[in-house]
>>> print(open('upload_23.txt').read())   # compact mmCIF, C-alpha atoms and all ligand atoms
# COMPACT_ATOMS: atom_id res chain seq x y z
CA MET A 148 28.56 69.70 109.02
CA SER A 149 30.65 68.18 111.82
CA HIS A 150 28.56 65.02 111.67
CA ILE A 151 29.46 64.55 107.97
CA TYR A 152 33.19 65.18 108.31
CA LEU A 153 33.86 63.88 111.83
CA GLU A 154 31.11 61.84 113.40
CA LYS A 155 30.06 59.68 110.44
CA PRO A 156 33.62 58.65 109.39
CA ALA A 157 34.42 57.97 113.06
CA ILE A 158 31.38 55.80 113.78
CA TYR A 159 31.57 53.90 110.46
CA SER A 160 35.24 53.13 111.15
CA LEU A 161 34.10 51.15 114.21
CA LEU A 162 32.16 48.64 112.09
CA PRO A 163 33.89 45.30 111.45
CA LYS A 164 35.44 45.02 107.98
CA ASP A 165 33.49 41.88 107.03
CA LEU A 166 29.76 42.36 107.55
CA SER A 167 28.61 39.51 105.33
CA SER A 168 27.40 37.40 108.28
CA LYS A 169 26.13 40.28 110.43
CA THR A 170 22.67 41.52 111.30
CA ILE A 171 22.73 45.19 112.28
CA TYR A 172 19.88 46.99 114.00
CA CYS A 173 19.97 50.80 113.76
CA LEU A 174 18.32 52.86 116.51
CA GLY A 175 17.15 56.38 115.65
CA SER A 176 18.04 55.91 112.00
CA GLY A 177 16.02 58.96 110.90
CA SER A 178 15.92 59.34 107.13
CA GLY A 179 17.70 56.00 106.67
CA GLN A 180 20.97 57.15 105.07
CA GLU A 181 23.12 55.24 107.54
CA CYS A 182 21.19 52.01 106.85
CA ASP A 183 21.79 52.49 103.13
CA TYR A 184 25.50 53.12 103.76
CA ILE A 185 25.72 49.95 105.87
CA MET A 186 23.80 47.91 103.31
CA ASN A 187 26.28 48.98 100.63
CA LEU A 188 29.12 47.67 102.80
CA GLY A 189 27.74 44.17 102.14
CA VAL A 190 25.93 43.47 105.41
CA LYS A 191 23.80 40.32 105.69
CA LYS A 192 20.83 42.32 107.02
CA VAL A 193 20.23 45.86 108.25
CA ILE A 194 17.08 47.08 109.97
CA GLY A 195 16.39 50.76 110.60
CA SER A 196 14.17 52.09 113.36
CA ASP A 197 12.97 55.40 114.69
CA ASN A 198 10.12 56.78 116.78
CA SER A 199 9.12 59.20 114.01
CA ALA A 200 6.54 57.65 111.69
CA ASN A 201 7.13 60.47 109.17
CA LEU A 202 10.86 59.87 108.98
CA LEU A 203 10.29 56.14 108.63
CA GLU A 204 7.87 56.71 105.80
CA TYR A 205 10.45 58.92 104.05
CA ALA A 206 13.23 56.38 104.67
CA GLN A 207 11.11 53.53 103.32
CA LEU A 208 10.39 55.49 100.13
CA GLN A 209 14.06 56.33 99.64
CA TYR A 210 15.34 52.83 100.42
CA PRO A 211 12.61 50.31 99.53
CA LEU A 212 14.94 47.31 99.90
CA ILE A 213 15.68 48.07 103.55
CA GLU A 214 13.40 47.06 106.43
CA PHE A 215 12.36 49.94 108.71
CA GLU A 216 10.22 49.75 111.83
CA LEU A 217 8.73 52.04 114.45
CA ASN A 218 10.54 51.54 117.76
CA ASP A 219 10.85 53.96 120.66
CA MET A 220 14.19 53.83 122.46
CA ASN A 221 12.37 54.76 125.69
CA ASN A 222 10.48 51.51 125.50
CA LEU A 223 12.51 49.48 123.08
CA LYS A 224 11.18 46.22 121.71
CA LEU A 225 13.89 43.99 120.29
CA GLU A 226 13.88 40.26 119.73
CA SER A 227 16.24 38.37 122.07
CA ASN A 228 19.53 37.11 120.69
CA SER A 229 18.86 38.50 117.24
CA ASN A 230 21.51 41.11 116.40
CA ASN A 231 25.27 41.01 115.91
CA ILE A 232 25.48 44.78 116.12
CA VAL A 233 23.20 47.47 117.46
CA PHE A 234 24.19 50.78 115.88
CA SER A 235 23.03 54.24 116.85
CA SER A 236 24.33 57.49 115.44
CA LEU A 237 23.53 60.72 117.31
CA ALA A 238 20.31 59.55 118.95
CA PHE A 239 21.12 58.29 122.49
CA HIS A 240 21.21 61.86 123.87
CA TYR A 241 17.41 62.05 123.49
CA ILE A 242 16.98 59.30 126.09
CA ASP A 243 16.76 59.88 129.84
CA ASN A 244 17.01 56.31 131.08
CA TRP A 245 20.04 54.64 129.51
CA ASN A 246 19.91 51.70 131.95
CA LYS A 247 16.60 50.48 130.56
CA LEU A 248 17.74 51.09 126.98
CA LEU A 249 21.08 49.31 127.44
CA LYS A 250 19.40 46.29 129.08
CA SER A 251 17.12 45.97 126.11
CA VAL A 252 20.00 46.30 123.64
CA HIS A 253 22.05 43.75 125.61
CA GLN A 254 19.35 41.06 125.56
CA SER A 255 18.97 41.52 121.80
CA LEU A 256 22.66 40.95 121.07
CA LYS A 257 24.02 37.59 120.03
CA ARG A 258 27.16 36.20 121.67
CA ASP A 259 30.12 38.58 120.99
CA GLY A 260 27.63 41.19 119.80
CA GLU A 261 28.54 44.85 119.83
CA LEU A 262 26.84 48.15 120.52
CA ILE A 263 28.26 50.99 118.45
CA ILE A 264 27.01 54.47 119.32
CA SER A 265 27.81 58.13 118.99
CA THR A 266 26.07 60.79 121.01
CA HIS A 267 26.13 64.52 121.57
CA HIS A 268 28.45 65.72 124.31
CA PRO A 269 26.43 65.80 127.56
CA ILE A 270 27.41 69.41 128.21
CA LYS A 271 26.08 70.48 124.82
CA TRP A 272 22.93 68.41 125.00
CA GLY A 273 21.97 66.25 127.94
CA ALA A 274 18.63 64.52 128.22
CA ALA A 275 18.53 64.88 132.02
CA LYS A 276 16.14 67.68 132.88
CA LYS A 277 14.39 69.04 135.94
CA ARG A 278 10.79 70.12 135.45
CA THR A 279 10.27 73.50 137.07
CA LYS A 280 6.94 75.31 137.19
CA HIS A 281 7.31 76.88 133.75
CA LYS A 282 9.94 74.94 131.84
CA ASN A 283 12.32 71.99 131.65
CA GLN A 284 15.72 72.93 133.01
CA PHE A 285 18.78 71.00 131.84
CA LEU A 286 20.76 69.51 134.72
CA LEU A 287 24.06 69.88 132.89
CA GLY A 288 25.28 72.63 130.60
CA TYR A 289 27.70 75.44 129.96
CA GLN A 290 27.67 79.18 129.53
CA LYS A 291 30.25 81.29 127.74
CA SER A 292 31.87 84.06 129.76
CA LYS A 293 30.52 87.48 128.74
CA THR A 294 34.00 89.04 128.85
CA ASP A 295 36.19 86.24 127.45
CA ASN A 296 34.64 83.96 124.83
CA THR A 297 37.32 81.30 125.36
CA GLN A 298 36.06 80.73 128.91
CA TYR A 299 33.09 78.57 129.83
CA LYS A 300 31.31 78.00 133.08
CA ILE A 301 29.92 74.50 133.50
CA TRP A 302 26.90 73.86 135.68
CA GLY A 303 25.60 70.57 136.96
CA ASN A 304 27.22 67.38 138.19
CA TYR A 305 29.29 66.49 135.12
CA LEU A 306 30.78 63.27 136.48
CA GLY A 307 27.51 62.16 138.07
CA ILE A 308 29.26 61.70 141.44
CA LYS A 309 26.80 61.47 144.31
CA LYS A 310 27.56 63.89 147.17
CA LYS A 311 27.90 62.24 150.60
C1 LIG A 401 20.00 63.69 115.15
S1 LIG A 401 18.91 62.53 114.42
C2 LIG A 401 20.08 61.29 113.82
C3 LIG A 401 19.51 60.51 112.68
C4 LIG A 401 20.49 59.52 112.05
N1 LIG A 401 20.94 58.53 113.01
C5 LIG A 401 21.67 60.25 111.46
O1 LIG A 401 22.73 60.27 112.09
O2 LIG A 401 21.51 60.82 110.39
C6 LIG A 401 18.20 61.71 115.83
C7 LIG A 401 17.14 60.68 115.48
O3 LIG A 401 16.71 60.04 116.68
C8 LIG A 401 15.32 59.87 116.59
N2 LIG A 401 14.80 59.72 117.96
C9 LIG A 401 14.67 60.67 118.92
N3 LIG A 401 14.10 60.15 120.02
C10 LIG A 401 13.89 58.84 119.75
C11 LIG A 401 13.31 57.77 120.50
N4 LIG A 401 12.84 57.95 121.72
N5 LIG A 401 13.24 56.55 119.93
C12 LIG A 401 13.70 56.35 118.65
N6 LIG A 401 14.24 57.33 117.89
C13 LIG A 401 14.33 58.55 118.45
C14 LIG A 401 14.82 61.11 115.88
O4 LIG A 401 13.52 60.92 115.32
C15 LIG A 401 15.90 61.28 114.82
O5 LIG A 401 15.63 60.57 113.64
>>> encode(input="upload_23.txt", output="structure tokens", more="lines below")
Ligand SMILES: C[S@@+](CC[C@H](N)C(=O)[O-])C[C@H]1O[C@@H](n2cnc3c(N)ncnc32)[C@H](O)[C@@H]1O
Amino acid sequence: MSHIYLEKPAIYSLLPKDLSSKTIYCLGSGSGQECDYIMNLGVKKVIGSDNSANLLEYAQLQYPLIEFELNDMNNLKLESNSNNIVFSSLAFHYIDNWNKLLKSVHQSLKRDGELIISTHHPIKWGAAKKRTKHKNQFLLGYQKSKTDNTQYKIWGNYLGIKKK
């Protein structure tokens, strides 16, 4: 529920008021609701994308007037200089290599373009994992104290500072 009452109002409030000249590309748009919301704000063009063919099929059925396409944020294909805004709600935390993703987003943005994203908190859900023999181990996380449930122990290098 927090995404409905907190995250969505917060991320939508970051959109410019006048979208009538803007092209917005949505990354990880899932079932397409956010694209529909943005279209109803009077945007010039909105394109939804996801790496799930099933979700895209569902989104296309729900919102036949919106363009949706398969695009994997791990290997993003975006036309250069084509978008005023790249928008992504609660999807970046699935991606390990943000450098590659951000480069691709950057080259797709027009002059004065904007990237608007929300993501899970890295302590709650970080993409960075270490593959051990039997499982993937998250490199960042937290554990509640067994004796005091207001206390948490954080593991991992939260600030990403390299040790000398
Ligand atoms: C938590 S859902 C958010 C969906 C939508 N943005 C929303 O807020 O309702 C995350 C979405 O990211 C998509 N996703 C995960 N990994 C992805 C990837 N590598 N490339 C593109 N989309 C991805 C999932 O299929 C899913 O639709």
>>> closest_residue(input="upload_23.txt", among="A:Ile270, A:Val233, A:Ile301, A:Met220", to="ligand LIG 401 (chain A)", atoms="all atoms listed in the file")
A:Met220
>>> closest_residue(input="upload_23.txt", among="A:Leu248, A:Val190, A:Leu225, A:Leu202", to="ligand LIG 401 (chain A)", atoms="all atoms listed in the file")
A:Leu202
>>> residues_near_point(input="upload_23.txt", point="(15.9, 42.9, 131.5)", cutoff="12 Å", atoms="all atoms listed in the file", output="ChimeraX atom specification")
/A:222-225,227,246-255
>>> closest_residue(input="upload_23.txt", among="A:Leu153, A:Ile185, A:Leu208, A:Cys173", to="ligand LIG 401 (chain A)", atoms="only C-alpha atoms and all ligand atoms")
A:Cys173
>>> closest_atom_pairs(input="upload_23.txt", of="chain A", to="ligand LIG 401 (chain A)", cutoff="10 Å", atoms="all atoms listed in the file", output="JSON lines")
{"residue": "A:His150", "atom": "CA", "partner": "A:LIG401", "partner_atom": "O1", "distance": 7.5}
{"residue": "A:Ile151", "atom": "CA", "partner": "A:LIG401", "partner_atom": "O1", "distance": 9.0}
{"residue": "A:Glu154", "atom": "CA", "partner": "A:LIG401", "partner_atom": "O1", "distance": 8.6}
{"residue": "A:Lys155", "atom": "CA", "partner": "A:LIG401", "partner_atom": "O1", "distance": 7.5}
{"residue": "A:Ile158", "atom": "CA", "partner": "A:LIG401", "partner_atom": "O1", "distance": 9.9}
{"residue": "A:Cys173", "atom": "CA", "partner": "A:LIG401", "partner_atom": "N1", "distance": 7.8}
{"residue": "A:Leu174", "atom": "CA", "partner": "A:LIG401", "partner_atom": "C12", "distance": 6.2}
{"residue": "A:Gly175", "atom": "CA", "partner": "A:LIG401", "partner_atom": "N6", "distance": 3.8}
{"residue": "A:Ser176", "atom": "CA", "partner": "A:LIG401", "partner_atom": "N1", "distance": 4.0}
{"residue": "A:Gly177", "atom": "CA", "partner": "A:LIG401", "partner_atom": "O5", "distance": 3.2}
{"residue": "A:Ser178", "atom": "CA", "partner": "A:LIG401", "partner_atom": "O5", "distance": 6.6}
{"residue": "A:Gly179", "atom": "CA", "partner": "A:LIG401", "partner_atom": "C4", "distance": 7.0}
{"residue": "A:Gln180", "atom": "CA", "partner": "A:LIG401", "partner_atom": "O2", "distance": 6.5}
{"residue": "A:Glu181", "atom": "CA", "partner": "A:LIG401", "partner_atom": "O2", "distance": 6.5}
{"residue": "A:Cys182", "atom": "CA", "partner": "A:LIG401", "partner_atom": "N1", "distance": 9.0}
{"residue": "A:Gly195", "atom": "CA", "partner": "A:LIG401", "partner_atom": "N1", "distance": 9.3}
{"residue": "A:Ser196", "atom": "CA", "partner": "A:LIG401", "partner_atom": "C12", "distance": 6.8}
{"residue": "A:Asp197", "atom": "CA", "partner": "A:LIG401", "partner_atom": "N6", "distance": 3.9}
{"residue": "A:Asn198", "atom": "CA", "partner": "A:LIG401", "partner_atom": "C12", "distance": 4.1}
{"residue": "A:Ser199", "atom": "CA", "partner": "A:LIG401", "partner_atom": "O4", "distance": 4.9}
{"residue": "A:Ala200", "atom": "CA", "partner": "A:LIG401", "partner_atom": "O4", "distance": 8.5}
{"residue": "A:Asn201", "atom": "CA", "partner": "A:LIG401", "partner_atom": "O4", "distance": 8.9}
{"residue": "A:Leu202", "atom": "CA", "partner": "A:LIG401", "partner_atom": "O5", "distance": 6.7}
{"residue": "A:Leu203", "atom": "CA", "partner": "A:LIG401", "partner_atom": "O5", "distance": 8.6}
{"residue": "A:Leu217", "atom": "CA", "partner": "A:LIG401", "partner_atom": "C12", "distance": 7.8}
{"residue": "A:Asn218", "atom": "CA", "partner": "A:LIG401", "partner_atom": "C12", "distance": 5.8}
{"residue": "A:Asp219", "atom": "CA", "partner": "A:LIG401", "partner_atom": "N5", "distance": 3.6}
{"residue": "A:Met220", "atom": "CA", "partner": "A:LIG401", "partner_atom": "N5", "distance": 3.8}
{"residue": "A:Asn221", "atom": "CA", "partner": "A:LIG401", "partner_atom": "N4", "distance": 5.1}
{"residue": "A:Asn222", "atom": "CA", "partner": "A:LIG401", "partner_atom": "N4", "distance": 7.8}
{"residue": "A:Leu223", "atom": "CA", "partner": "A:LIG401", "partner_atom": "N5", "distance": 7.8}
{"residue": "A:Phe234", "atom": "CA", "partner": "A:LIG401", "partner_atom": "N1", "distance": 8.9}
{"residue": "A:Ser235", "atom": "CA", "partner": "A:LIG401", "partner_atom": "N1", "distance": 6.1}
{"residue": "A:Ser236", "atom": "CA", "partner": "A:LIG401", "partner_atom": "N1", "distance": 4.3}
{"residue": "A:Leu237", "atom": "CA", "partner": "A:LIG401", "partner_atom": "C2", "distance": 4.9}
{"residue": "A:Ala238", "atom": "CA", "partner": "A:LIG401", "partner_atom": "O3", "distance": 4.3}
{"residue": "A:Phe239", "atom": "CA", "partner": "A:LIG401", "partner_atom": "O3", "distance": 7.5}
{"residue": "A:His240", "atom": "CA", "partner": "A:LIG401", "partner_atom": "N3", "distance": 8.3}
{"residue": "A:Tyr241", "atom": "CA", "partner": "A:LIG401", "partner_atom": "N3", "distance": 5.2}
{"residue": "A:Ile242", "atom": "CA", "partner": "A:LIG401", "partner_atom": "N4", "distance": 6.2}
{"residue": "A:Asp243", "atom": "CA", "partner": "A:LIG401", "partner_atom": "N4", "distance": 9.2}
{"residue": "A:Leu248", "atom": "CA", "partner": "A:LIG401", "partner_atom": "N4", "distance": 9.9}
{"residue": "A:Ile264", "atom": "CA", "partner": "A:LIG401", "partner_atom": "N1", "distance": 9.7}
{"residue": "A:Ser265", "atom": "CA", "partner": "A:LIG401", "partner_atom": "O1", "distance": 8.8}
{"residue": "A:Thr266", "atom": "CA", "partner": "A:LIG401", "partner_atom": "C1", "distance": 8.9}
{"residue": "A:His267", "atom": "CA", "partner": "A:LIG401", "partner_atom": "C1", "distance": 8.9}
>>> atom_distance(input="upload_23.txt", atom1="CA of Ala157 (chain A)", atom2="CA of Asn187 (chain A)")
17.4 Å
>>> atom_distance(input="upload_23.txt", atom1="CA of Ile263 (chain A)", atom2="CA of Met148 (chain A)")
21.0 Å
>>> atom_distance(input="upload_23.txt", atom1="CA of Asp183 (chain A)", atom2="CA of Ser160 (chain A)")
15.7 Å
>>> closest_residue(input="upload_23.txt", among="A:Tyr210, A:Phe215, A:Tyr299, A:Tyr152", to="Tyr172 (chain A)", atoms="all atoms listed in the file")
A:Phe215
>>> closest_residue(input="upload_23.txt", among="A:Lys164, A:Arg278, A:Lys293, A:Glu216", to="Glu204 (chain A)", atoms="all atoms listed in the file")
A:Glu216
>>> residues_around(input="upload_23.txt", residues="Ser167 (chain A)", least_positions_apart="3", cutoff="9 Å", atoms="all atoms listed in the file", output="list of chain:residue names")
A:Thr170, A:Leu188, A:Gly189, A:Val190, A:Lys191, A:Lys192
>>> residues_around(input="upload_23.txt", residues="Lys291 (chain A)", least_positions_apart="3", cutoff="12 Å", atoms="all atoms listed in the file", output="list in words")
Lys271, Gly288, Thr294, Asp295, Asn296, Thr297, Gln298, Tyr299, Lys300, Ile301 and Trp302 of chain A
>>> write_last_selection(input="upload_23.txt", atoms="C-alpha atoms", output="PDB file, keeping the file's coordinate frame")
ATOM      1  CA  LYS A 271      26.080  70.480 124.820  1.00  0.00           C
ATOM      2  CA  GLY A 288      25.280  72.630 130.600  1.00  0.00           C
ATOM      3  CA  THR A 294      34.000  89.040 128.850  1.00  0.00           C
ATOM      4  CA  ASP A 295      36.190  86.240 127.450  1.00  0.00           C
ATOM      5  CA  ASN A 296      34.640  83.960 124.830  1.00  0.00           C
ATOM      6  CA  THR A 297      37.320  81.300 125.360  1.00  0.00           C
ATOM      7  CA  GLN A 298      36.060  80.730 128.910  1.00  0.00           C
ATOM      8  CA  TYR A 299      33.090  78.570 129.830  1.00  0.00           C
ATOM      9  CA  LYS A 300      31.310  78.000 133.080  1.00  0.00           C
ATOM     10  CA  ILE A 301      29.920  74.500 133.500  1.00  0.00           C
ATOM     11  CA  TRP A 302      26.900  73.860 135.680  1.00  0.00           C
TER      12      TRP A 302
END
>>> decode(input="upload_23.txt", residues="region 185-227 of chain A", atoms="N, CA and C atoms", output="mmCIF file, in the first residue's frame")
data_model
loop_
_atom_site.group_PDB
_atom_site.id
_atom_site.type_symbol
_atom_site.label_atom_id
_atom_site.label_comp_id
_atom_site.auth_asym_id
_atom_site.auth_seq_id
_atom_site.Cartn_x
_atom_site.Cartn_y
_atom_site.Cartn_z
ATOM 1 N N ILE A 185 -0.038 9.029 -16.817
ATOM 2 C CA ILE A 185 0.730 10.098 -17.470
ATOM 3 C C ILE A 185 0.018 10.562 -18.744
ATOM 4 N N MET A 186 -0.554 9.609 -19.477
ATOM 5 C CA MET A 186 -1.277 10.000 -20.697
ATOM 6 C C MET A 186 -2.443 10.933 -20.353
ATOM 7 N N ASN A 187 -3.129 10.619 -19.246
ATOM 8 C CA ASN A 187 -4.273 11.446 -18.851
ATOM 9 C C ASN A 187 -3.867 12.817 -18.316
ATOM 10 N N LEU A 188 -2.566 13.019 -18.111
ATOM 11 C CA LEU A 188 -2.101 14.355 -17.714
ATOM 12 C C LEU A 188 -1.901 15.242 -18.948
ATOM 13 N N GLY A 189 -2.103 14.661 -20.133
ATOM 14 C CA GLY A 189 -2.014 15.463 -21.360
ATOM 15 C C GLY A 189 -0.637 15.464 -21.988
ATOM 16 N N VAL A 190 0.105 14.368 -21.828
ATOM 17 C CA VAL A 190 1.446 14.281 -22.400
ATOM 18 C C VAL A 190 1.367 14.182 -23.934
ATOM 19 N N LYS A 191 2.432 14.644 -24.611
ATOM 20 C CA LYS A 191 2.449 14.522 -26.075
ATOM 21 C C LYS A 191 2.516 13.036 -26.451
ATOM 22 N N LYS A 192 3.461 12.315 -25.817
ATOM 23 C CA LYS A 192 3.588 10.882 -26.114
ATOM 24 C C LYS A 192 4.157 10.154 -24.900
ATOM 25 N N VAL A 193 3.610 8.994 -24.586
ATOM 26 C CA VAL A 193 4.194 8.161 -23.536
ATOM 27 C C VAL A 193 4.390 6.756 -24.089
ATOM 28 N N ILE A 194 5.568 6.197 -23.776
ATOM 29 C CA ILE A 194 5.877 4.827 -24.214
ATOM 30 C C ILE A 194 6.198 4.020 -22.958
ATOM 31 N N GLY A 195 5.572 2.863 -22.836
ATOM 32 C CA GLY A 195 5.862 1.986 -21.707
ATOM 33 C C GLY A 195 6.794 0.878 -22.131
ATOM 34 N N SER A 196 7.602 0.391 -21.199
ATOM 35 C CA SER A 196 8.485 -0.738 -21.534
ATOM 36 C C SER A 196 8.702 -1.605 -20.302
ATOM 37 N N ASP A 197 9.017 -2.854 -20.572
ATOM 38 C CA ASP A 197 9.268 -3.804 -19.480
ATOM 39 C C ASP A 197 10.034 -4.976 -20.085
ATOM 40 N N ASN A 198 10.621 -5.809 -19.229
ATOM 41 C CA ASN A 198 11.264 -7.010 -19.779
ATOM 42 C C ASN A 198 10.349 -8.233 -19.638
ATOM 43 N N SER A 199 9.124 -8.009 -19.161
ATOM 44 C CA SER A 199 8.172 -9.122 -19.051
ATOM 45 C C SER A 199 7.162 -9.053 -20.202
ATOM 46 N N ALA A 200 7.266 -10.033 -21.107
ATOM 47 C CA ALA A 200 6.355 -10.057 -22.261
ATOM 48 C C ALA A 200 4.903 -10.215 -21.786
ATOM 49 N N ASN A 201 4.701 -10.977 -20.702
ATOM 50 C CA ASN A 201 3.330 -11.185 -20.211
ATOM 51 C C ASN A 201 2.720 -9.892 -19.695
ATOM 52 N N LEU A 202 3.517 -9.139 -18.928
ATOM 53 C CA LEU A 202 2.996 -7.868 -18.411
ATOM 54 C C LEU A 202 2.715 -6.886 -19.545
ATOM 55 N N LEU A 203 3.584 -6.910 -20.549
ATOM 56 C CA LEU A 203 3.375 -6.003 -21.690
ATOM 57 C C LEU A 203 2.095 -6.363 -22.442
ATOM 58 N N GLU A 204 1.874 -7.644 -22.567
ATOM 59 C CA GLU A 204 0.659 -8.089 -23.268
ATOM 60 C C GLU A 204 -0.580 -7.613 -22.495
ATOM 61 N N TYR A 205 -0.518 -7.760 -21.166
ATOM 62 C CA TYR A 205 -1.634 -7.319 -20.313
ATOM 63 C C TYR A 205 -1.820 -5.802 -20.443
ATOM 64 N N ALA A 206 -0.698 -5.072 -20.370
ATOM 65 C CA ALA A 206 -0.760 -3.604 -20.438
ATOM 66 C C ALA A 206 -1.358 -3.154 -21.774
ATOM 67 N N GLN A 207 -0.925 -3.822 -22.851
ATOM 68 C CA GLN A 207 -1.414 -3.434 -24.179
ATOM 69 C C GLN A 207 -2.914 -3.667 -24.324
ATOM 70 N N LEU A 208 -3.403 -4.751 -23.685
ATOM 71 C CA LEU A 208 -4.854 -5.022 -23.718
ATOM 72 C C LEU A 208 -5.628 -3.972 -22.916
ATOM 73 N N GLN A 209 -5.067 -3.604 -21.769
ATOM 74 C CA GLN A 209 -5.735 -2.619 -20.910
ATOM 75 C C GLN A 209 -5.731 -1.224 -21.522
ATOM 76 N N TYR A 210 -4.602 -0.890 -22.163
ATOM 77 C CA TYR A 210 -4.423 0.483 -22.661
ATOM 78 C C TYR A 210 -4.031 0.448 -24.142
ATOM 79 N N PRO A 211 -4.992 0.146 -25.019
ATOM 80 C CA PRO A 211 -4.648 -0.054 -26.436
ATOM 81 C C PRO A 211 -4.110 1.206 -27.133
ATOM 82 N N LEU A 212 -4.363 2.384 -26.571
ATOM 83 C CA LEU A 212 -3.894 3.606 -27.236
ATOM 84 C C LEU A 212 -2.450 3.959 -26.883
ATOM 85 N N ILE A 213 -1.886 3.207 -25.942
ATOM 86 C CA ILE A 213 -0.502 3.503 -25.520
ATOM 87 C C ILE A 213 0.449 2.512 -26.181
ATOM 88 N N GLU A 214 1.647 3.029 -26.547
ATOM 89 C CA GLU A 214 2.659 2.156 -27.156
ATOM 90 C C GLU A 214 3.486 1.490 -26.049
ATOM 91 N N PHE A 215 3.604 0.174 -26.119
ATOM 92 C CA PHE A 215 4.445 -0.563 -25.159
ATOM 93 C C PHE A 215 5.483 -1.357 -25.938
ATOM 94 N N GLU A 216 6.679 -1.505 -25.352
ATOM 95 C CA GLU A 216 7.686 -2.316 -26.031
ATOM 96 C C GLU A 216 8.549 -3.086 -25.038
ATOM 97 N N LEU A 217 9.058 -4.211 -25.520
ATOM 98 C CA LEU A 217 9.939 -5.048 -24.704
ATOM 99 C C LEU A 217 11.311 -4.382 -24.660
ATOM 100 N N ASN A 218 11.825 -4.124 -23.473
ATOM 101 C CA ASN A 218 13.152 -3.516 -23.353
ATOM 102 C C ASN A 218 13.708 -3.917 -21.995
ATOM 103 N N ASP A 219 14.916 -4.460 -22.007
ATOM 104 C CA ASP A 219 15.533 -4.938 -20.772
ATOM 105 C C ASP A 219 16.478 -3.857 -20.252
ATOM 106 N N MET A 220 16.249 -3.398 -19.028
ATOM 107 C CA MET A 220 17.089 -2.331 -18.480
ATOM 108 C C MET A 220 18.555 -2.752 -18.310
ATOM 109 N N ASN A 221 18.817 -4.065 -18.342
ATOM 110 C CA ASN A 221 20.212 -4.529 -18.279
ATOM 111 C C ASN A 221 20.934 -4.318 -19.598
ATOM 112 N N ASN A 222 20.152 -4.162 -20.644
ATOM 113 C CA ASN A 222 20.748 -4.005 -21.974
ATOM 114 C C ASN A 222 19.824 -3.095 -22.779
ATOM 115 N N LEU A 223 19.662 -1.907 -22.256
ATOM 116 C CA LEU A 223 18.611 -1.009 -22.734
ATOM 117 C C LEU A 223 18.877 -0.507 -24.151
ATOM 118 N N LYS A 224 17.828 -0.522 -24.948
ATOM 119 C CA LYS A 224 17.954 0.022 -26.304
ATOM 120 C C LYS A 224 17.006 1.213 -26.419
ATOM 121 N N LEU A 225 17.589 2.400 -26.494
ATOM 122 C CA LEU A 225 16.783 3.618 -26.617
ATOM 123 C C LEU A 225 17.360 4.468 -27.730
ATOM 124 N N GLU A 226 16.484 5.051 -28.499
ATOM 125 C CA GLU A 226 16.913 5.932 -29.587
ATOM 126 C C GLU A 226 17.597 7.174 -29.000
ATOM 127 N N SER A 227 18.679 7.623 -29.643
ATOM 128 C CA SER A 227 19.389 8.813 -29.149
ATOM 129 C C SER A 227 18.512 10.041 -29.256
#
